[in-house]
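S.K.: As input, take start_4.cif (mmCIF, C-alpha atoms and all ligand atoms):
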data_query
#
loop_
_atom_site.label_atom_id
_atom_site.label_comp_id
_atom_site.auth_asym_id
_atom_site.auth_seq_id
_atom_site.Cartn_x
_atom_site.Cartn_y
_atom_site.Cartn_z
CA MET A 1 -11.95 16.39 8.54
CA PHE A 2 -9.53 19.33 8.41
CA GLN A 3 -9.94 19.86 12.15
CA LEU A 4 -9.18 16.19 12.79
CA ARG A 5 -6.00 16.39 10.75
CA ARG A 6 -4.85 19.44 12.68
CA LEU A 7 -5.59 17.70 15.95
CA LEU A 8 -3.61 14.65 14.84
CA LEU A 9 -0.70 16.82 13.79
CA LEU A 10 -0.72 18.58 17.12
CA LEU A 11 -0.89 15.31 19.03
CA GLY A 12 1.87 13.99 16.80
CA LEU A 13 4.04 16.99 17.69
CA LEU A 14 3.43 16.29 21.34
CA GLY A 15 4.40 12.67 20.73
CA LEU A 16 0.96 11.42 21.75
CA VAL A 17 0.08 9.78 18.42
CA PRO A 18 3.24 8.09 17.22
CA GLY A 19 1.84 7.34 13.76
CA ALA A 20 0.71 10.89 13.02
CA PHE A 21 3.84 11.72 11.02
CA ALA A 22 4.57 8.22 9.80
CA ASP A 23 5.32 7.71 6.12
CA PRO A 24 2.34 6.29 4.27
CA ILE A 25 2.28 2.53 3.82
CA ALA A 26 -0.25 0.34 2.03
CA ILE A 27 -0.75 -3.22 0.88
CA ALA A 28 -3.16 -5.03 -1.43
CA ILE A 29 -3.53 -8.75 -2.07
CA HIS A 30 -5.46 -10.87 -4.56
CA GLY A 31 -6.06 -14.60 -4.59
CA GLY A 32 -7.59 -14.81 -8.05
CA ALA A 33 -10.80 -13.69 -9.73
CA GLY A 34 -13.59 -15.45 -11.58
CA THR A 35 -17.06 -16.90 -11.27
CA LEU A 36 -17.12 -16.38 -7.53
CA THR A 37 -20.67 -16.19 -6.23
CA ARG A 38 -22.28 -17.21 -2.96
CA ASP A 39 -23.73 -20.24 -4.80
CA SER A 40 -20.33 -21.48 -5.95
CA ILE A 41 -18.55 -21.36 -2.57
CA THR A 42 -19.56 -23.19 0.60
CA PRO A 43 -19.79 -21.19 3.87
CA GLU A 44 -16.76 -23.12 5.18
CA GLN A 45 -14.70 -22.28 2.09
CA GLU A 46 -15.78 -18.66 2.35
CA ARG A 47 -14.70 -18.53 5.99
CA ASP A 48 -11.32 -20.13 5.18
CA TYR A 49 -10.63 -17.74 2.30
CA LEU A 50 -11.58 -14.66 4.29
CA ALA A 51 -9.48 -15.84 7.23
CA ILE A 52 -6.27 -16.33 5.26
CA LEU A 53 -6.75 -13.12 3.28
CA ASN A 54 -7.22 -11.28 6.57
CA THR A 55 -4.14 -12.87 8.14
CA ALA A 56 -2.03 -12.15 5.07
CA VAL A 57 -3.00 -8.49 4.86
CA GLN A 58 -2.62 -7.91 8.62
CA GLN A 59 0.79 -9.58 8.77
CA GLY A 60 2.04 -7.78 5.68
CA HIS A 61 0.84 -4.44 7.01
CA ALA A 62 2.46 -5.03 10.40
CA ARG A 63 5.78 -5.81 8.69
CA LEU A 64 5.54 -2.60 6.67
CA GLN A 65 4.84 -0.68 9.88
CA ASP A 66 8.00 -2.19 11.33
CA GLY A 67 9.93 -0.80 8.36
CA ALA A 68 10.32 -4.00 6.31
CA THR A 69 11.09 -3.39 2.62
CA GLY A 70 8.36 -3.79 0.00
CA SER A 71 10.42 -6.51 -1.61
CA ASP A 72 10.48 -8.56 1.62
CA VAL A 73 6.78 -8.06 2.31
CA VAL A 74 5.75 -9.07 -1.22
CA ARG A 75 7.80 -12.28 -0.93
CA GLU A 76 6.69 -13.18 2.58
CA THR A 77 3.03 -12.59 1.82
CA ILE A 78 3.08 -14.52 -1.45
CA ARG A 79 4.94 -17.36 0.26
CA LEU A 80 2.12 -17.63 2.79
CA LEU A 81 -0.44 -17.86 -0.02
CA GLU A 82 1.69 -20.30 -2.05
CA ASN A 83 1.89 -22.61 0.97
CA SER A 84 -1.90 -22.59 1.39
CA PRO A 85 -3.85 -25.24 -0.58
CA LEU A 86 -6.62 -22.70 -1.24
CA PHE A 87 -4.94 -20.81 -4.05
CA ASN A 88 -3.72 -21.65 -7.52
CA ALA A 89 -0.07 -21.03 -6.63
CA GLY A 90 2.53 -23.32 -5.06
CA HIS A 91 0.79 -26.09 -3.07
CA GLY A 92 -2.74 -26.16 -4.53
CA ALA A 93 -1.73 -25.08 -8.03
CA VAL A 94 -3.84 -26.29 -10.97
CA LEU A 95 -2.78 -29.25 -13.10
CA THR A 96 -1.62 -29.26 -16.70
CA TRP A 97 -3.28 -31.48 -19.31
CA ASN A 98 -0.69 -34.14 -18.45
CA GLY A 99 -1.53 -34.04 -14.76
CA THR A 100 1.63 -32.22 -13.64
CA HIS A 101 2.33 -28.71 -12.38
CA GLU A 102 4.15 -25.94 -14.23
CA LEU A 103 4.40 -22.79 -12.15
CA ASP A 104 5.02 -19.14 -13.07
CA ALA A 105 5.97 -16.17 -10.87
CA SER A 106 7.38 -12.67 -11.12
CA MET A 107 8.44 -9.68 -9.04
CA MET A 108 9.25 -6.05 -9.76
CA LEU A 109 10.59 -3.18 -7.66
CA GLY A 110 9.40 0.35 -8.34
CA HIS A 111 12.48 2.32 -7.28
CA ASN A 112 14.93 0.83 -9.76
CA LEU A 113 12.66 -1.20 -12.11
CA ALA A 114 14.52 -4.36 -11.14
CA ALA A 115 12.54 -7.43 -12.15
CA GLY A 116 12.79 -11.20 -11.99
CA ALA A 117 10.56 -14.03 -13.16
CA VAL A 118 10.36 -17.78 -13.69
CA ALA A 119 8.07 -19.67 -16.04
CA GLY A 120 7.21 -23.35 -16.18
CA VAL A 121 9.13 -24.37 -13.06
CA THR A 122 8.24 -27.76 -11.62
CA ARG A 123 10.35 -28.31 -8.51
CA VAL A 124 10.95 -25.11 -6.58
CA LYS A 125 8.64 -25.03 -3.56
CA ASN A 126 8.05 -21.28 -3.61
CA PRO A 127 8.24 -19.91 -7.16
CA ILE A 128 8.14 -16.31 -5.87
CA GLU A 129 11.49 -16.95 -4.18
CA ALA A 130 12.88 -18.16 -7.49
CA ALA A 131 11.59 -14.99 -9.18
CA TYR A 132 13.28 -12.92 -6.48
CA ALA A 133 16.54 -14.86 -6.89
CA VAL A 134 16.48 -14.07 -10.62
CA LEU A 135 15.92 -10.40 -9.79
CA GLU A 136 18.63 -10.22 -7.15
CA TYR A 137 21.28 -12.74 -8.12
CA SER A 138 21.19 -13.13 -11.91
CA PRO A 139 21.83 -10.76 -14.79
CA HIS A 140 18.52 -11.87 -16.35
CA VAL A 141 14.83 -11.07 -15.99
CA LEU A 142 13.05 -14.28 -17.06
CA LEU A 143 14.24 -17.89 -16.74
CA SER A 144 12.16 -20.87 -17.82
CA GLY A 145 11.68 -24.62 -17.38
CA ALA A 146 14.39 -26.99 -16.16
CA GLY A 147 17.04 -24.26 -16.32
CA ALA A 148 15.03 -22.04 -13.99
CA ASP A 149 14.63 -24.93 -11.51
CA LYS A 150 18.37 -25.58 -11.70
CA PHE A 151 19.11 -21.94 -11.02
CA ALA A 152 16.72 -21.94 -8.04
CA GLU A 153 18.44 -25.03 -6.66
CA SER A 154 21.85 -23.41 -7.10
CA GLN A 155 20.59 -20.51 -5.00
CA GLY A 156 19.82 -22.88 -2.13
CA LEU A 157 16.02 -22.65 -2.45
CA THR A 158 13.86 -25.51 -1.15
CA MET A 159 13.07 -28.03 -3.90
CA VAL A 160 10.18 -30.51 -3.80
CA ASP A 161 8.73 -33.37 -5.81
CA ASN A 162 6.19 -32.11 -8.35
CA ARG A 163 3.44 -34.02 -6.51
CA TYR A 164 3.87 -31.73 -3.50
CA PHE A 165 1.78 -29.15 -5.39
CA THR A 166 -1.17 -31.54 -6.00
CA THR A 167 -4.45 -31.31 -4.07
CA PRO A 168 -7.62 -33.43 -4.57
CA ARG A 169 -9.60 -30.37 -5.61
CA ARG A 170 -7.31 -29.66 -8.57
CA VAL A 171 -7.32 -33.31 -9.64
CA GLU A 172 -11.11 -33.11 -9.80
CA ALA A 173 -10.92 -29.83 -11.73
CA LEU A 174 -8.64 -31.44 -14.33
CA GLU A 175 -10.97 -34.42 -14.71
CA LEU A 176 -13.87 -32.04 -15.27
CA PHE A 177 -11.84 -29.99 -17.73
CA ARG A 178 -10.89 -33.08 -19.73
CA ALA A 179 -14.48 -34.29 -19.81
CA LYS A 180 -15.71 -30.93 -21.01
CA TYR A 181 -12.91 -30.72 -23.55
CA GLU A 182 -13.87 -34.06 -25.00
CA ASP A 183 -17.39 -32.70 -25.08
CA LYS A 184 -16.04 -29.65 -26.96
CA LYS A 185 -17.24 -27.37 -24.20
CA ALA A 186 -13.95 -26.65 -22.52
CA GLN A 187 -14.50 -22.89 -22.58
CA ASN A 188 -17.85 -22.72 -20.86
CA GLY A 189 -17.24 -19.43 -19.10
CA ASP A 190 -17.13 -21.09 -15.72
CA GLU A 191 -13.58 -20.00 -15.09
CA LYS A 192 -12.07 -19.38 -11.69
CA PHE A 193 -8.63 -17.86 -11.58
CA GLY A 194 -6.74 -18.51 -8.36
CA THR A 195 -3.42 -16.82 -8.97
CA VAL A 196 -2.04 -14.82 -6.04
CA GLY A 197 -0.54 -11.35 -6.10
CA VAL A 198 0.66 -8.65 -3.73
CA VAL A 199 1.46 -4.94 -4.21
CA VAL A 200 2.87 -2.71 -1.49
CA LEU A 201 4.09 0.78 -0.64
CA ASP A 202 6.80 0.67 2.02
CA THR A 203 8.02 3.31 4.49
CA SER A 204 10.77 4.41 2.08
CA GLY A 205 8.09 5.34 -0.45
CA ASN A 206 8.97 2.40 -2.68
CA LEU A 207 6.43 0.34 -4.60
CA ALA A 208 6.80 -3.39 -5.24
CA ALA A 209 4.66 -6.02 -6.96
CA GLY A 210 4.65 -9.81 -7.21
CA THR A 211 2.49 -12.53 -8.75
CA SER A 212 2.54 -16.35 -8.54
CA THR A 213 0.39 -18.93 -10.32
CA GLY A 214 -0.07 -22.47 -11.54
CA GLY A 215 -1.55 -21.03 -14.73
CA MET A 216 -4.78 -22.43 -16.15
CA THR A 217 -6.22 -25.93 -15.65
CA GLY A 218 -5.45 -28.29 -18.53
CA LYS A 219 -2.81 -26.06 -20.12
CA ARG A 220 -0.46 -27.79 -22.58
CA TRP A 221 2.44 -27.40 -24.91
CA GLY A 222 4.40 -25.35 -22.37
CA ARG A 223 1.75 -22.64 -22.32
CA ILE A 224 2.79 -19.56 -20.33
CA GLY A 225 0.35 -16.91 -19.15
CA ASP A 226 0.69 -13.28 -18.13
CA SER A 227 1.82 -13.84 -14.53
CA PRO A 228 5.58 -14.16 -15.21
CA LEU A 229 5.55 -11.46 -17.89
CA ILE A 230 6.63 -8.03 -16.70
CA GLY A 231 4.15 -5.44 -17.97
CA SER A 232 1.37 -8.00 -18.44
CA GLY A 233 0.71 -9.61 -15.04
CA THR A 234 3.13 -7.64 -12.87
CA PHE A 235 4.51 -4.10 -12.97
CA ALA A 236 5.96 -1.58 -10.50
CA ASP A 237 7.34 1.90 -11.08
CA ASN A 238 7.61 4.53 -8.32
CA ARG A 239 6.65 7.19 -10.89
CA SER A 240 3.19 5.72 -11.38
CA CYS A 241 1.97 2.56 -9.68
CA ALA A 242 2.39 -1.15 -8.89
CA VAL A 243 -0.01 -3.75 -10.29
CA SER A 244 -0.58 -7.50 -10.01
CA ALA A 245 -3.15 -9.16 -12.25
CA THR A 246 -5.21 -12.32 -12.35
CA GLY A 247 -7.39 -13.63 -15.14
CA HIS A 248 -7.31 -15.04 -18.62
CA GLY A 249 -3.62 -14.61 -19.39
CA GLU A 250 -3.94 -14.58 -23.17
CA PHE A 251 -5.85 -11.30 -22.87
CA PHE A 252 -3.66 -9.78 -20.17
CA ILE A 253 -0.58 -10.38 -22.31
CA ARG A 254 -1.99 -8.76 -25.44
CA TRP A 255 -3.53 -5.82 -23.59
CA GLN A 256 -0.38 -5.34 -21.45
CA VAL A 257 -2.73 -4.74 -18.57
CA ALA A 258 -0.33 -4.01 -15.71
CA SER A 259 1.88 -1.54 -17.55
CA ASP A 260 -1.05 0.05 -19.39
CA ILE A 261 -2.66 1.02 -16.07
CA CYS A 262 0.61 2.57 -14.86
CA ALA A 263 1.18 4.33 -18.20
CA ARG A 264 -2.24 6.00 -17.90
CA VAL A 265 -1.33 7.18 -14.40
CA ARG A 266 2.09 8.42 -15.45
CA TYR A 267 1.42 10.04 -18.80
CA GLN A 268 -2.23 11.04 -18.55
CA GLY A 269 -2.16 11.95 -14.89
CA LEU A 270 -5.19 9.76 -14.22
CA ASP A 271 -6.18 8.62 -10.74
CA LEU A 272 -5.18 5.04 -10.11
CA LEU A 273 -8.76 3.84 -9.78
CA VAL A 274 -9.86 5.58 -12.99
CA ALA A 275 -6.93 4.07 -14.90
CA ALA A 276 -7.61 0.56 -13.57
CA ASN A 277 -11.31 0.81 -14.33
CA GLN A 278 -10.61 2.01 -17.88
CA VAL A 279 -8.31 -0.90 -18.66
CA LEU A 280 -10.41 -3.60 -16.99
CA HIS A 281 -13.83 -2.42 -18.13
CA ASP A 282 -13.43 -0.20 -21.21
CA GLU A 283 -10.70 -2.25 -22.85
CA LEU A 284 -10.51 -5.78 -21.52
CA ALA A 285 -14.14 -6.61 -20.79
CA LEU A 286 -15.22 -5.38 -24.23
CA ALA A 287 -12.71 -7.75 -25.80
CA GLY A 288 -13.93 -10.66 -23.68
CA GLY A 289 -10.94 -10.74 -21.33
CA GLU A 290 -11.93 -11.77 -17.81
CA GLY A 291 -10.04 -11.03 -14.62
CA GLY A 292 -8.98 -8.40 -12.15
CA VAL A 293 -6.11 -6.36 -10.74
CA ILE A 294 -4.85 -4.96 -7.49
CA ALA A 295 -2.96 -1.69 -7.78
CA ILE A 296 -1.31 0.83 -5.50
CA ASP A 297 0.19 4.29 -6.07
CA PRO A 298 2.97 6.24 -4.32
CA LYS A 299 0.45 7.95 -2.03
CA GLY A 300 -0.87 4.63 -0.82
CA ASN A 301 -4.15 4.72 -2.73
CA VAL A 302 -5.39 1.22 -3.49
CA ALA A 303 -7.53 0.00 -6.42
CA LEU A 304 -9.21 -3.43 -6.40
CA VAL A 305 -10.88 -3.78 -9.79
CA PHE A 306 -12.29 -6.82 -11.60
CA ASN A 307 -14.71 -7.52 -14.42
CA THR A 308 -15.63 -10.99 -13.12
CA GLU A 309 -18.24 -11.82 -10.49
CA GLY A 310 -15.70 -11.81 -7.72
CA MET A 311 -12.07 -11.55 -6.73
CA TYR A 312 -10.43 -12.83 -3.54
CA ARG A 313 -8.96 -9.63 -2.19
CA ALA A 314 -7.70 -7.77 0.85
CA SER A 315 -6.08 -4.39 1.36
CA ILE A 316 -5.12 -1.70 3.83
CA ASN A 317 -4.58 1.72 2.26
CA ALA A 318 -2.54 4.68 3.53
CA ALA A 319 -5.54 5.94 5.52
CA GLY A 320 -5.63 2.60 7.35
CA GLU A 321 -8.93 1.51 5.72
CA LYS A 322 -9.11 -2.28 5.51
CA VAL A 323 -11.00 -4.35 2.95
CA VAL A 324 -11.36 -8.14 2.89
CA GLY A 325 -13.77 -9.61 0.37
CA ILE A 326 -14.66 -12.11 -2.32
CA TYR A 327 -17.90 -11.14 -4.06
CA ARG A 328 -18.86 -7.94 -5.81
CA SER A 329 -21.21 -7.13 -2.99
CA HIS A 330 -18.46 -7.29 -0.39
CA ALA A 331 -17.05 -4.02 0.88
CA GLY A 332 -14.33 -2.48 -1.21
CA THR A 333 -15.84 -3.18 -4.61
CA GLN A 334 -14.46 -0.40 -6.73
CA ASN A 335 -15.69 -1.41 -10.11
CA LYS A 336 -17.17 1.19 -12.35
CA GLU A 337 -20.34 -0.81 -12.87
CA GLN A 338 -21.40 -1.86 -9.43
CA ASP A 339 -23.64 -4.80 -10.05
CA LEU A 340 -24.64 -6.08 -6.64
CA SER A 341 -26.81 -8.83 -8.01
CA ASP A 342 -25.10 -11.71 -6.21
CA GLY A 343 -25.72 -9.82 -2.96
N1 LIG A 401 -3.38 -15.23 -15.18
C1 LIG A 401 -3.10 -16.62 -14.97
C2 LIG A 401 -2.70 -17.25 -16.28
O1 LIG A 401 -3.27 -16.93 -17.30
C3 LIG A 401 -4.27 -17.39 -14.44
C4 LIG A 401 -4.89 -16.81 -13.21
O2 LIG A 401 -4.87 -15.60 -12.99
O3 LIG A 401 -5.45 -17.61 -12.41
O4 LIG A 401 -1.85 -18.10 -16.27
#
Take the structure in the file and write it out as structure tokens.

M.R.:
Amino acid sequence: MFQLRRLLLLLGLLGLVPGAFADPIAIAIHGGAGTLTRDSITPEQERDYLAILNTAVQQGHARLQDGATGSDVVRETIRLLENSPLFNAGHGAVLTWNGTHELDASMMLGHNLAAGAVAGVTRVKNPIEAAYAVLEYSPHVLLSGAGADKFAESQGLTMVDNRYFTTPRRVEALELFRAKYEDKKAQNGDEKFGTVGVVVLDTSGNLAAGTSTGGMTGKRWGRIGDSPLIGSGTFADNRSCAVSATGHGEFFIRWQVASDICARVRYQGLDLLVAANQVLHDELALAGGEGGVIAIDPKGNVALVFNTEGMYRASINAAGEKVVGIYRSHAGTQNKEQDLSDG
């Protein structure tokens, strides 16, 4: 290993391996976690998910290699996932109890702790762009509801009819949810969380994180989850790490999952993976909170950790190692308890 490094350095000096001295870059993506087993996903769906995750991670990584900022790459990558009907974000978002869509998104930059978020927006095509506009062009961190849509419109963002977000699959999911609810079995543990999130380390050594979601099927009364809440579903700080979460928001809010992982890295000096495993398995799982996180540190280490049966995920770390997977048994499972039972 040591010999190889020396060889690379030498070749780098001679200009033969252009990347030998490059600044580390890394990217990780999630498309939600939950009861994802080989029985619950058709081979076609599996192929489609793996294909878009692969495209997203490759494109994002290529942009980082070209020197794009973390902020740009987070937005571009999330936009791609929001525009896909496969994920619970943007087009393809889940439906509220009333059969409409209320979307949440957030972004944070690790070099200056700038943050922006929107909650309960109904008309902006790409909620991550609205979150970014709040970060960049407003004095605020979190805007909600009609006001947030109005702000997005004033920033020149593309607005759509609320029905643009609807897909047949989510209509079916709402019908099922309502039927189960009436049957008093709404919480049957068959949850799938399809939120999307991206964390990156760019060539300037800056971390960035973003998350976008439709929330949870059948939500009502203006319910807001963890995704637009800085510290809960999204966090980035160059002194520790960047995190995006997916899962049962009510738990992620109370356990402050994203910032807790980074606090363990910063104040306890823990490795990123150890910190993420502690929070997801030792804290959250014991309390009954289901979900997962993607996390990245300033060296370009990546952690993909979930306490559910699967998590749509993809990453390329600073060493160039790529992971694309859904189930526990897929490569890149980094959970403390490696249960490969769905093999
Ligand atoms: N965390 C999101 C929420 O609670 C749901 C998800 O991750 O799919 O709104």

S.K.: Please return as a PyMOL selection string the residues found within 9 Å of ligand LIG 401 (chain A), counting all atoms listed in the file.

M.R.: chain A and resi 31-34+87-89+94+103-104+191-196+212-217+219+223-228+233+245-253+291-292

S.K.: Would you compute the distance between CA of Pro85 (chain A) and CA of Asn162 (chain A)? Give it in Å to one decimal.

M.R.: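 So the answer is 14.4 Å.
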
S.K.: Work out where the centre of an axis-aligned box around every listed atom of region 62-78 of chain A lies and how long its edges are once 4 Å is added on each side; give both in Å to one decimal as JSON.

M.R.:
{"center_x": 6.8, "center_y": -7.6, "center_z": 4.9, "size_x": 16.6, "size_y": 21.8, "size_z": 20.9}

S.K.: Need to verify the contact set: Pro139 (chain A), 12 Å, all atoms listed in the file, exclusion of same-chain residues closer than 6 positions in sequence. Can you return it as a PyMOL selection string?

M.R.: chain A and resi 114-117+133

S.K.: Considering all atoms listed in the file, can you say which of A:His101, A:Arg266, A:Lys125, A:His61 comes closest to Glu82 (chain A)?

M.R.: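 The answer is A:Lys125, which sits nearest to Glu82 (chain A).
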